[in-house]
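Everything below belongs to work.csv, which stores CSV, C-alpha atoms.
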chain,number,residue,atom,x,y,z
A,1,MET,CA,-34.6,-127.1,49.0
A,2,PRO,CA,-31.8,-129.6,49.5
A,3,LEU,CA,-29.1,-129.2,52.0
A,4,THR,CA,-25.8,-127.6,50.9
A,5,GLU,CA,-23.5,-129.1,53.5
A,6,ASN,CA,-20.8,-127.0,55.1
A,7,PHE,CA,-19.2,-126.5,58.5
A,8,SER,CA,-16.5,-124.5,60.2
A,9,VAL,CA,-14.2,-125.2,63.2
A,10,SER,CA,-12.5,-122.9,65.6
A,11,GLN,CA,-10.0,-123.0,68.4
A,12,SER,CA,-9.3,-120.2,70.9
A,13,ALA,CA,-6.2,-119.0,72.6
A,14,GLY,CA,-7.8,-119.3,76.0
A,15,LEU,CA,-8.9,-122.9,75.7
A,16,PRO,CA,-6.7,-124.4,73.0
A,17,GLU,CA,-7.7,-128.0,74.0
A,18,ASN,CA,-11.3,-127.4,72.9
A,19,LEU,CA,-12.7,-127.3,69.4
A,20,THR,CA,-15.9,-125.6,68.4
A,21,PHE,CA,-17.8,-126.9,65.4
A,22,THR,CA,-20.4,-124.8,63.6
A,23,ASP,CA,-22.8,-126.1,61.0
A,24,ILE,CA,-23.0,-123.4,58.4
A,25,SER,CA,-25.0,-125.5,55.8
A,26,THR,CA,-27.7,-123.8,53.8
A,27,GLY,CA,-31.1,-125.2,52.9
A,28,SER,CA,-32.7,-128.1,54.7
A,29,ASP,CA,-33.5,-131.8,54.3
A,30,PRO,CA,-36.1,-133.4,56.5
A,31,ALA,CA,-34.5,-136.8,55.9
A,32,VAL,CA,-31.5,-135.8,58.0
A,33,THR,CA,-31.9,-137.0,61.5
A,34,GLN,CA,-28.3,-137.2,62.8
A,35,ARG,CA,-24.9,-135.7,62.3
A,36,ARG,CA,-21.4,-137.1,63.0
A,37,ILE,CA,-17.9,-135.7,63.2
A,38,TYR,CA,-14.8,-137.7,62.2
A,39,LEU,CA,-11.4,-136.4,63.2
A,40,LEU,CA,-8.8,-138.2,61.2
A,41,GLN,CA,-5.2,-137.7,62.4
A,42,SER,CA,-2.0,-137.9,60.4
A,43,ASP,CA,-1.3,-141.4,61.7
A,44,GLY,CA,-4.5,-142.8,60.3
A,45,THR,CA,-6.4,-143.0,63.6
A,46,TYR,CA,-9.5,-141.1,64.7
A,47,LEU,CA,-9.3,-138.6,67.5
A,48,VAL,CA,-12.2,-138.8,69.9
A,49,PRO,CA,-12.7,-137.5,73.5
A,50,THR,CA,-11.7,-139.9,76.3
A,51,GLY,CA,-14.4,-142.4,76.9
A,52,THR,CA,-15.8,-142.4,73.4
A,53,SER,CA,-16.2,-145.9,72.0
A,54,THR,CA,-16.9,-144.9,68.4
A,55,ASP,CA,-14.6,-143.4,65.7
A,56,TYR,CA,-16.8,-140.4,65.5
A,57,ILE,CA,-18.4,-137.8,67.7
A,58,GLU,CA,-22.1,-137.5,67.8
A,59,TRP,CA,-23.3,-134.0,66.9
A,60,PRO,CA,-27.0,-133.6,67.7
A,61,LEU,CA,-28.9,-131.6,65.2
A,62,ALA,CA,-30.3,-129.4,67.9
A,63,THR,CA,-26.9,-128.4,69.1
A,64,ASN,CA,-25.2,-125.8,66.9
A,65,PRO,CA,-22.5,-124.9,67.5
A,66,ILE,CA,-21.0,-127.6,69.6
A,67,THR,CA,-17.8,-127.4,71.7
A,68,VAL,CA,-15.9,-130.6,72.2
A,69,GLU,CA,-13.8,-130.3,75.3
A,70,ASN,CA,-10.4,-131.6,76.2
A,71,LEU,CA,-9.7,-132.9,72.7
A,72,LEU,CA,-6.2,-131.7,72.0
A,73,SER,CA,-3.0,-131.6,74.0
A,74,GLN,CA,-0.8,-130.1,71.4
A,75,ASP,CA,-0.9,-128.5,68.0
A,76,THR,CA,-2.7,-130.9,65.7
A,77,ALA,CA,-3.5,-131.3,62.0
A,78,LEU,CA,-6.8,-133.0,61.3
A,79,SER,CA,-8.8,-134.1,58.3
A,80,ILE,CA,-12.3,-133.5,59.5
A,81,THR,CA,-15.3,-135.1,58.0
A,82,VAL,CA,-18.9,-134.2,59.0
A,83,GLN,CA,-21.6,-136.5,57.9
A,84,TRP,CA,-25.4,-135.9,57.7
A,85,LEU,CA,-27.3,-139.1,58.0
A,86,ASP,CA,-30.8,-140.4,57.9
A,87,VAL,CA,-32.6,-142.5,60.5
A,88,SER,CA,-31.2,-145.8,59.0
A,89,ASN,CA,-27.6,-144.5,59.2
A,90,THR,CA,-27.3,-143.8,55.5
A,91,VAL,CA,-24.9,-141.0,54.8
A,92,LEU,CA,-26.9,-138.3,52.8
A,93,TYR,CA,-24.3,-135.6,52.8
A,94,THR,CA,-20.7,-135.4,53.7
A,95,LYS,CA,-18.1,-132.7,53.8
A,96,THR,CA,-14.3,-133.1,54.5
A,97,ALA,CA,-11.7,-130.4,55.0
A,98,ALA,CA,-8.2,-130.2,56.4
A,99,TYR,CA,-7.5,-128.0,59.5
A,100,GLY,CA,-4.5,-127.1,61.4
A,101,PHE,CA,-5.0,-126.2,65.1
A,102,GLN,CA,-2.0,-124.4,66.3
A,103,ALA,CA,-3.2,-122.3,69.3
A,104,PHE,CA,-0.8,-124.2,71.6
A,105,GLY,CA,2.2,-123.1,69.5
A,106,GLU,CA,0.8,-119.6,68.9
A,107,ASN,CA,0.3,-119.1,72.7
A,108,PHE,CA,3.9,-120.3,73.4
A,109,TYR,CA,5.2,-118.1,70.7
A,110,TYR,CA,3.3,-115.1,72.0
A,111,GLY,CA,4.7,-115.8,75.4
A,112,LEU,CA,8.2,-115.8,74.1
A,113,VAL,CA,7.8,-112.4,72.4
A,114,LEU,CA,6.0,-111.0,75.4
A,115,GLN,CA,9.0,-111.9,77.5
A,116,GLN,CA,11.1,-109.6,75.4
A,117,VAL,CA,9.1,-106.6,76.7
A,118,PRO,CA,10.1,-106.2,80.4
A,119,ILE,CA,13.7,-105.3,80.8
A,120,THR,CA,15.0,-108.3,82.7
A,121,VAL,CA,18.6,-109.2,83.5
A,122,PRO,CA,19.6,-110.9,81.3
A,123,ALA,CA,17.0,-110.1,78.7
A,124,ILE,CA,15.6,-113.2,77.0
A,125,GLN,CA,16.6,-112.0,73.6
A,126,GLN,CA,20.2,-111.9,74.7
A,127,SER,CA,20.3,-115.6,75.4
A,128,THR,CA,22.2,-117.7,73.0
A,129,ASN,CA,20.5,-118.4,69.7
A,130,TYR,CA,17.3,-116.8,70.9
A,131,TRP,CA,16.4,-115.2,67.5
A,132,GLU,CA,17.4,-118.2,65.6
A,133,ASN,CA,15.3,-120.5,67.6
A,134,LEU,CA,12.4,-118.1,67.7
A,135,SER,CA,12.6,-117.9,63.9
A,136,MET,CA,12.7,-121.6,63.6
A,137,PHE,CA,9.6,-122.0,65.8
A,138,ARG,CA,7.8,-119.4,63.7
A,139,CYS,CA,8.9,-121.1,60.5
A,140,LEU,CA,7.4,-124.4,61.8
A,141,LEU,CA,4.1,-122.8,62.5
A,142,ASP,CA,4.0,-121.0,59.2
A,143,SER,CA,5.0,-124.1,57.3
A,144,ALA,CA,2.2,-126.1,59.0
A,145,TYR,CA,-0.3,-123.4,58.2
A,146,ASN,CA,0.8,-123.5,54.5
A,147,ALA,CA,0.7,-127.2,54.3
A,148,ILE,CA,-2.9,-127.2,55.4
A,149,THR,CA,-4.2,-124.1,53.6
A,150,LEU,CA,-2.3,-124.6,50.3
A,151,ASN,CA,-2.2,-128.4,50.1
A,152,SER,CA,-4.5,-129.9,52.7
A,153,ASP,CA,-1.5,-131.9,53.7
A,154,VAL,CA,-2.2,-133.1,57.2
A,155,TYR,CA,0.9,-135.3,57.4
A,156,ALA,CA,3.3,-132.5,56.6
A,157,ALA,CA,1.5,-130.1,58.9
A,158,GLN,CA,1.6,-132.6,61.8
A,159,THR,CA,5.4,-133.1,61.2
A,160,CYS,CA,5.8,-129.4,61.7
A,161,TYR,CA,3.6,-129.4,64.8
A,162,ASP,CA,5.5,-132.3,66.3
A,163,ALA,CA,8.7,-130.4,65.8
A,164,ASP,CA,7.3,-127.3,67.4
A,165,GLN,CA,5.9,-129.4,70.3
A,166,ASN,CA,9.4,-130.7,70.8
A,167,ILE,CA,10.7,-127.2,71.2
A,168,ILE,CA,7.9,-126.4,73.7
A,169,SER,CA,8.6,-129.5,75.7
A,170,ASN,CA,12.4,-128.8,75.8
A,171,GLN,CA,12.2,-125.0,75.9
A,172,GLN,CA,14.9,-124.7,78.5
A,173,PHE,CA,17.4,-125.8,75.8
A,174,TYR,CA,16.2,-123.4,73.2
A,175,PHE,CA,15.4,-120.1,75.0
B,1,MET,CA,0.4,-93.3,71.5
B,2,ALA,CA,-0.6,-95.2,68.4
B,3,THR,CA,-3.3,-97.8,68.8
B,4,ASN,CA,-2.6,-101.5,68.5
B,5,THR,CA,-4.3,-101.6,65.1
B,6,GLN,CA,-2.2,-98.6,63.8
B,7,VAL,CA,1.0,-100.2,65.1
B,8,ASN,CA,0.2,-103.4,63.4
B,9,GLY,CA,-0.4,-101.5,60.1
B,10,TYR,CA,2.8,-99.6,60.5
B,11,ALA,CA,4.8,-102.7,61.2
B,12,LYS,CA,3.5,-104.5,58.1
B,13,ILE,CA,4.5,-101.6,55.9
B,14,CYS,CA,7.8,-101.1,57.6
B,15,GLN,CA,8.6,-104.8,57.3
B,16,TYR,CA,8.0,-104.5,53.6
B,17,LEU,CA,10.1,-101.4,53.3
B,18,TYR,CA,13.0,-103.0,55.2
B,19,GLN,CA,12.7,-106.1,53.0
B,20,VAL,CA,12.9,-104.1,49.8
B,21,ASP,CA,15.8,-102.1,51.2
B,22,THR,CA,17.6,-105.3,52.1
B,23,LEU,CA,17.0,-106.8,48.7
B,24,LYS,CA,18.2,-103.7,46.9
B,25,LYS,CA,21.3,-103.4,49.0
B,26,SER,CA,22.0,-107.1,48.6
B,27,ALA,CA,21.6,-106.9,44.9
B,28,PHE,CA,23.5,-103.7,44.2
B,29,ASN,CA,25.7,-102.9,47.2
B,30,GLY,CA,27.1,-106.1,48.5
B,31,GLY,CA,24.6,-106.7,51.2
B,32,GLY,CA,22.8,-104.5,53.6
B,33,LEU,CA,23.8,-103.6,57.2
B,34,ASP,CA,20.2,-104.1,58.4
B,35,ASN,CA,19.2,-107.3,56.8
B,36,VAL,CA,17.7,-108.8,59.9
B,37,HIS,CA,15.3,-105.9,60.6
B,38,ALA,CA,12.5,-107.1,58.4
B,39,LYS,CA,12.8,-110.6,59.9
B,40,ALA,CA,12.7,-109.2,63.5
B,41,LEU,CA,9.6,-107.1,62.6
B,42,TYR,CA,7.9,-110.2,61.2
B,43,LEU,CA,8.7,-112.3,64.2
B,44,VAL,CA,7.4,-109.8,66.7
B,45,ARG,CA,4.4,-108.8,64.5
B,46,LYS,CA,3.2,-112.4,64.2
B,47,ALA,CA,2.9,-112.6,68.0
B,48,PHE,CA,1.2,-109.2,68.0
B,49,ASP,CA,-1.2,-110.4,65.4
B,50,TRP,CA,-2.1,-113.4,67.5
B,51,GLY,CA,-2.7,-111.3,70.5
B,52,LEU,CA,-4.9,-108.9,68.6
B,53,ASP,CA,-6.8,-111.7,66.9
B,54,GLN,CA,-7.4,-113.5,70.2
B,55,SER,CA,-8.0,-110.3,72.2
B,56,ILE,CA,-5.2,-111.3,74.7
B,57,SER,CA,-5.1,-108.8,77.5
B,58,THR,CA,-1.4,-108.3,77.5
B,59,VAL,CA,-1.1,-107.5,73.8
B,60,SER,CA,-0.6,-103.8,74.4
B,61,GLU,CA,2.6,-104.6,76.2
B,62,ILE,CA,4.1,-105.6,72.8
B,63,ASN,CA,2.8,-102.4,71.2
B,64,PRO,CA,5.9,-100.2,72.1
B,65,SER,CA,8.3,-102.9,71.2
B,66,LEU,CA,6.9,-103.4,67.7
B,67,TYR,CA,6.6,-99.6,67.3
B,68,SER,CA,10.2,-99.1,68.1
B,69,LEU,CA,11.2,-101.9,65.7
B,70,CYS,CA,9.8,-99.9,62.9
B,71,GLY,CA,12.9,-97.8,63.3
B,72,THR,CA,13.9,-95.5,60.5
B,73,LYS,CA,11.1,-96.6,58.3
B,74,LEU,CA,8.4,-95.5,60.7
B,75,GLN,CA,7.6,-92.1,59.3
B,76,GLN,CA,7.4,-93.5,55.8
B,77,GLY,CA,5.2,-96.3,57.1
B,78,ILE,CA,2.9,-93.9,58.9
B,79,ALA,CA,2.6,-91.8,55.7
B,80,ILE,CA,1.7,-94.8,53.6
B,81,TYR,CA,-0.7,-96.2,56.3
B,82,SER,CA,-2.4,-92.9,56.4
B,83,GLY,CA,-3.3,-93.1,52.8
B,84,GLY,CA,-0.2,-91.8,51.1
B,85,SER,CA,1.8,-93.7,48.6
B,86,GLY,CA,5.3,-95.2,48.8
B,87,GLY,CA,6.6,-92.4,46.7
B,88,VAL,CA,6.8,-92.0,43.0
B,89,VAL,CA,9.6,-91.7,40.4
B,90,PRO,CA,9.5,-88.1,39.2
B,91,SER,CA,8.3,-87.8,35.6
B,92,PRO,CA,10.8,-86.2,33.3
B,93,SER,CA,8.5,-83.2,32.8
B,94,GLY,CA,6.6,-80.8,35.0
B,95,SER,CA,8.1,-78.8,37.8
B,96,GLY,CA,10.7,-81.0,39.4
B,97,SER,CA,14.4,-80.1,39.5
B,98,TYR,CA,17.6,-81.9,38.9
B,99,GLN,CA,21.4,-81.3,39.0
B,100,PRO,CA,23.3,-82.3,35.9
B,101,SER,CA,26.9,-83.3,36.6
B,102,TYR,CA,28.2,-81.9,33.3
B,103,ILE,CA,26.8,-81.0,29.9
B,104,ASP,CA,28.0,-82.4,26.7
B,105,TYR,CA,28.5,-79.3,24.6
B,106,THR,CA,30.6,-78.5,21.6
B,107,VAL,CA,32.5,-75.3,21.3
B,108,SER,CA,32.6,-73.3,18.1
B,109,GLY,CA,33.2,-69.8,16.9
B,110,LEU,CA,36.7,-69.4,18.4
B,111,ASP,CA,37.6,-66.9,15.8
B,112,ASN,CA,34.5,-64.7,16.5
B,113,PRO,CA,34.2,-62.0,19.0
B,114,ASN,CA,32.0,-64.3,21.0
B,115,ILE,CA,32.4,-68.0,21.5
B,116,THR,CA,29.3,-70.1,20.9
B,117,VAL,CA,28.7,-73.3,22.8
B,118,THR,CA,26.1,-75.5,21.3
B,119,SER,CA,24.4,-78.6,22.8
B,120,LEU,CA,25.5,-81.8,21.1
B,121,GLN,CA,22.1,-83.4,21.7
B,122,ASN,CA,19.4,-81.4,20.0
B,123,ASP,CA,17.3,-80.7,23.0
B,124,ASP,CA,19.7,-81.0,25.9
B,125,TRP,CA,19.7,-77.3,26.4
B,126,LYS,CA,16.0,-77.3,27.4
B,127,GLY,CA,17.1,-78.6,30.7
B,128,LEU,CA,19.2,-75.6,31.5
B,129,MET,CA,16.4,-73.1,32.1
B,130,GLY,CA,17.5,-72.6,35.7
B,131,LEU,CA,21.1,-72.0,34.8
B,132,THR,CA,22.9,-69.6,37.1
B,133,THR,CA,26.6,-70.4,36.7
B,134,LEU,CA,28.8,-72.4,34.5
B,135,ALA,CA,32.1,-74.0,35.4
B,136,VAL,CA,34.4,-74.4,32.5
B,137,ASP,CA,37.4,-76.5,33.4
B,138,GLN,CA,36.7,-75.4,37.0
B,139,GLN,CA,36.6,-71.7,36.1
B,140,VAL,CA,33.2,-70.3,37.2
B,141,PHE,CA,31.2,-67.9,35.1
B,142,GLN,CA,28.1,-66.0,36.2
B,143,LEU,CA,25.1,-65.9,34.0
B,144,ASN,CA,24.8,-62.5,32.2
B,145,VAL,CA,28.2,-61.5,33.5
B,146,GLY,CA,30.7,-63.9,32.1
B,147,PHE,CA,28.3,-65.6,29.6
B,148,THR,CA,24.8,-65.4,28.2
B,149,PHE,CA,22.4,-68.2,27.7
B,150,SER,CA,19.7,-68.2,25.0
B,151,PRO,CA,16.5,-69.9,26.1
B,152,VAL,CA,15.5,-70.0,22.5
B,153,ASN,CA,18.1,-72.2,21.0
B,154,GLY,CA,20.4,-73.1,24.0
B,155,THR,CA,23.5,-71.4,22.8
B,156,ILE,CA,25.9,-70.1,25.3
B,157,ASN,CA,28.0,-67.1,24.5
B,158,PHE,CA,31.2,-66.1,26.3
B,159,ASP,CA,32.2,-62.6,26.1
B,160,LEU,CA,35.8,-62.2,25.0
B,161,SER,CA,36.0,-58.6,26.0
B,162,PRO,CA,39.0,-57.5,28.1
B,163,GLY,CA,38.9,-58.9,31.6
B,164,ASN,CA,37.5,-62.3,30.6
B,165,ILE,CA,40.7,-64.1,30.3
B,166,TYR,CA,39.4,-67.6,30.3
B,167,TYR,CA,37.0,-69.2,27.8
B,168,PRO,CA,36.1,-72.7,26.7
B,169,GLN,CA,38.3,-74.7,24.4
B,170,ASN,CA,37.2,-77.5,22.2
B,171,ASN,CA,37.9,-80.1,24.8
B,172,SER,CA,36.6,-78.2,27.8
B,173,VAL,CA,34.4,-79.8,30.4
B,174,ILE,CA,31.4,-77.5,31.1
B,175,THR,CA,29.5,-78.0,34.3
B,176,ALA,CA,26.2,-76.3,34.8
B,177,ASN,CA,25.0,-75.1,38.2
B,178,GLY,CA,21.6,-73.9,39.3
B,179,LEU,CA,18.2,-75.2,40.1
B,180,PHE,CA,17.3,-76.7,36.8
B,181,LYS,CA,13.7,-77.1,35.7
B,182,ILE,CA,12.8,-80.4,34.2
B,183,VAL,CA,11.0,-79.6,31.0
B,184,THR,CA,9.7,-81.8,28.3
B,185,PRO,CA,12.2,-82.0,25.5
Show me this structure written as structure tokens.
Amino acid sequence: MPLTENFSVSQSAGLPENLTFTDISTGSDPAVTQRRIYLLQSDGTYLVPTGTSTDYIEWPLATNPITVENLLSQDTALSITVQWLDVSNTVLYTKTAAYGFQAFGENFYYGLVLQQVPITVPAIQQSTNYWENLSMFRCLLDSAYNAITLNSDVYAAQTCYDADQNIISNQQFYF
Amino acid sequence: MATNTQVNGYAKICQYLYQVDTLKKSAFNGGGLDNVHAKALYLVRKAFDWGLDQSISTVSEINPSLYSLCGTKLQQGIAIYSGGSGGVVPSPSGSGSYQPSYIDYTVSGLDNPNITVTSLQNDDWKGLMGLTTLAVDQQVFQLNVGFTFSPVNGTINFDLSPGNIYYPQNNSVITANGLFKIVTP
């Protein structure tokens, strides 16, 4: 039974810098001896962990799922390709999908809303333009999500993520 | 206290209800007073969603805030969430009731002992089964005292016997009062 290649990727709120890859392929192919992950960014470069000399991340067949640590530092849109290769580095199967990883932004957004709850003086939601800026931030996250899920548009999504990162980095001017 | 999942469900429904309300008011009444409510619900709910999805320990702290944002739509939201519907438009038949503002009747038989008032539209009178009083040019008449109503053909007869000093004229406005049954014409 040939391999029907497929994979999934997840990110968690607690460790947003890490990505966990899971091979959810069905079937099997004894010719497959190695597996690689390519993380193509919107600027055309490949994202790899510090210290990696190749454009790809080795994903041993025996390790499933695999968590790649300290990969992200902000919300990031990626075109992810996983390859299944034989012993002579010939690509037998390949699967590409666009993903948006926005746990940094969602965590920040969650923190903003959570700050509304305790009655502080002055309450955060009374600060100038709080709702407008909160809304703008939410709009950026939703737009990035739509760009990925509806259009697989990594560039557009990353533009939104960069804008939301700008708000996070300069939050004292917005909230 | 409602659970986090319940509040999330209420909030989604209430957001929709506020949005519909806002759109209707905007379209027909020159804009709603509460046109930011749906937006505020969405903004808070998205954070709540993330907290639930990621099992963040502090998510319950947002619960009361989101719950209170449901505001005046909360009871309707709870009813819908609990398996009800968003309400239906009453069918023009069955056991509902309505209140007609006035009835388009023509007056005849002025030279007879009784005055006959007949519905202009063939079946309008069928809606008057709950008739209790009639106001004719603001003069009020009691059923079976100042007038009679035939449930067979809808004619209304005013008694011109002594004491009944007012009766409909050809251009009279007749207003019906009572709990009117809606019946199929």
Please build the interface table for chain A against chain B with a cut-off of 8 Å, listing for each qualifying residue the nearest atom pair and the distance in Å to one decimal; count only C-alpha atoms, order rows by chain and increasing number, and write it as a tab-separated table.
residue	atom	partner	partner_atom	distance
A:Ser12	CA	B:Gln54	CA	7.0
A:Ala13	CA	B:Gln54	CA	6.1
A:Glu106	CA	B:Trp50	CA	7.0
A:Tyr109	CA	B:Ala47	CA	6.5
A:Tyr110	CA	B:Ala47	CA	4.7
A:Val113	CA	B:Val44	CA	6.3
A:Leu114	CA	B:Ile62	CA	6.3
A:Val117	CA	B:Ile62	CA	6.4
A:Leu134	CA	B:Leu43	CA	7.7
A:Ser135	CA	B:Leu43	CA	6.8
A:Arg138	CA	B:Leu43	CA	7.2
I'd like the neighbourhood of region 4-12 of chain B as a PDB file with C-alpha atoms, in the coordinates of the input, where a residue qualifies if any of its atoms comes within 6 Å (using only C-alpha atoms), though same-chain residues fewer than 2 positions away should be ignored.
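The file below, result-v3.pdb, is the result:
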ATOM      1  CA  ALA B   2      -0.600 -95.200  68.400  1.00  0.00           C
ATOM      2  CA  CYS B  14       7.800-101.100  57.600  1.00  0.00           C
ATOM      3  CA  GLN B  15       8.600-104.800  57.300  1.00  0.00           C
ATOM      4  CA  CYS B  70       9.800 -99.900  62.900  1.00  0.00           C
ATOM      5  CA  GLY B  77       5.200 -96.300  57.100  1.00  0.00           C
ATOM      6  CA  ILE B  78       2.900 -93.900  58.900  1.00  0.00           C
TER       7      ILE B  78
END
Of the candidates A:Ala144, A:Ala103, A:Leu150, A:Ile37, which one gets nearest to Tyr56 (chain A) if we count only C-alpha atoms? A:Ile37
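Distances to Val36 (chain B) were evaluated for A:Glu132, A:Asp29, A:Thr149, A:Ser143 using all atoms listed in the file, and the minimum falls at A:Glu132.
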For region 50-52 of chain A: contacts at 12 Å, only C-alpha atoms, fewer than 2 positions along chain excluded, given as a PyMOL selection string: chain A and resi 46-48+54-58+68-72
Distance in Å - CA of Thr76 (chain A) versus CA of Thr45 (chain A): 12.8 Å
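Going from CA of Leu40 (chain A) to CA of Leu141 (chain A) covers 20.1 Å.
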Pairwise distance, CA of Gln102 (chain A) with CA of Leu52 (chain B), equals 15.9 Å
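If you measure from each of A:Val154, A:Leu19, A:Cys160, A:Leu85 to Ala97 (chain A) using only C-alpha atoms, the closest one turns out to be A:Val154.
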Could you add whatever atoms are missing so that region 103-119 of chain A carries N, CA, C and O atoms, then write the result as a short mmCIF file (atom, residue, chain, number, x, y, z; two decimals), keeping the file's coordinate frame?
data_model
loop_
_atom_site.label_atom_id
_atom_site.label_comp_id
_atom_site.auth_asym_id
_atom_site.auth_seq_id
_atom_site.Cartn_x
_atom_site.Cartn_y
_atom_site.Cartn_z
N ALA A 103 -3.07 -123.30 68.21
CA ALA A 103 -3.20 -122.30 69.30
C ALA A 103 -2.14 -122.59 70.40
O ALA A 103 -1.68 -121.65 71.05
N PHE A 104 -1.80 -123.87 70.60
CA PHE A 104 -0.80 -124.20 71.60
C PHE A 104 0.54 -123.48 71.21
O PHE A 104 1.21 -122.82 72.02
N GLY A 105 0.92 -123.68 69.97
CA GLY A 105 2.20 -123.10 69.50
C GLY A 105 2.11 -121.58 69.45
O GLY A 105 3.06 -120.90 69.82
N GLU A 106 0.97 -121.04 68.98
CA GLU A 106 0.80 -119.60 68.90
C GLU A 106 0.89 -118.98 70.32
O GLU A 106 1.49 -117.91 70.52
N ASN A 107 0.29 -119.64 71.28
CA ASN A 107 0.30 -119.10 72.70
C ASN A 107 1.76 -119.13 73.20
O ASN A 107 2.20 -118.18 73.85
N PHE A 108 2.47 -120.21 72.93
CA PHE A 108 3.90 -120.30 73.40
C PHE A 108 4.70 -119.21 72.71
O PHE A 108 5.50 -118.53 73.36
N TYR A 109 4.49 -119.06 71.42
CA TYR A 109 5.20 -118.10 70.70
C TYR A 109 4.92 -116.65 71.18
O TYR A 109 5.83 -115.83 71.35
N TYR A 110 3.66 -116.41 71.43
CA TYR A 110 3.30 -115.10 72.00
C TYR A 110 3.96 -114.87 73.32
O TYR A 110 4.45 -113.77 73.58
N GLY A 111 4.01 -115.89 74.14
CA GLY A 111 4.70 -115.80 75.40
C GLY A 111 6.14 -115.45 75.31
O GLY A 111 6.69 -114.66 76.06
N LEU A 112 6.77 -116.05 74.31
CA LEU A 112 8.20 -115.80 74.10
C LEU A 112 8.42 -114.30 73.73
O LEU A 112 9.31 -113.65 74.27
N VAL A 113 7.61 -113.81 72.80
CA VAL A 113 7.80 -112.40 72.40
C VAL A 113 7.42 -111.48 73.52
O VAL A 113 8.08 -110.45 73.72
N LEU A 114 6.39 -111.82 74.26
CA LEU A 114 6.00 -111.00 75.40
C LEU A 114 7.09 -110.87 76.42
O LEU A 114 7.27 -109.82 77.06
N GLN A 115 7.87 -111.91 76.56
CA GLN A 115 9.00 -111.90 77.50
C GLN A 115 10.07 -110.94 77.14
O GLN A 115 10.92 -110.58 77.95
N GLN A 116 10.08 -110.52 75.86
CA GLN A 116 11.10 -109.60 75.40
C GLN A 116 10.82 -108.18 76.02
O GLN A 116 11.71 -107.34 76.10
N VAL A 117 9.55 -107.93 76.37
CA VAL A 117 9.10 -106.60 76.70
C VAL A 117 9.73 -106.06 78.00
O VAL A 117 10.38 -105.03 78.02
N PRO A 118 9.52 -106.74 79.13
CA PRO A 118 10.10 -106.20 80.40
C PRO A 118 11.63 -106.31 80.30
O PRO A 118 12.19 -107.27 79.76
N ILE A 119 12.27 -105.32 80.81
CA ILE A 119 13.70 -105.30 80.80
C ILE A 119 14.17 -106.21 82.00
O ILE A 119 14.11 -105.81 83.16
#
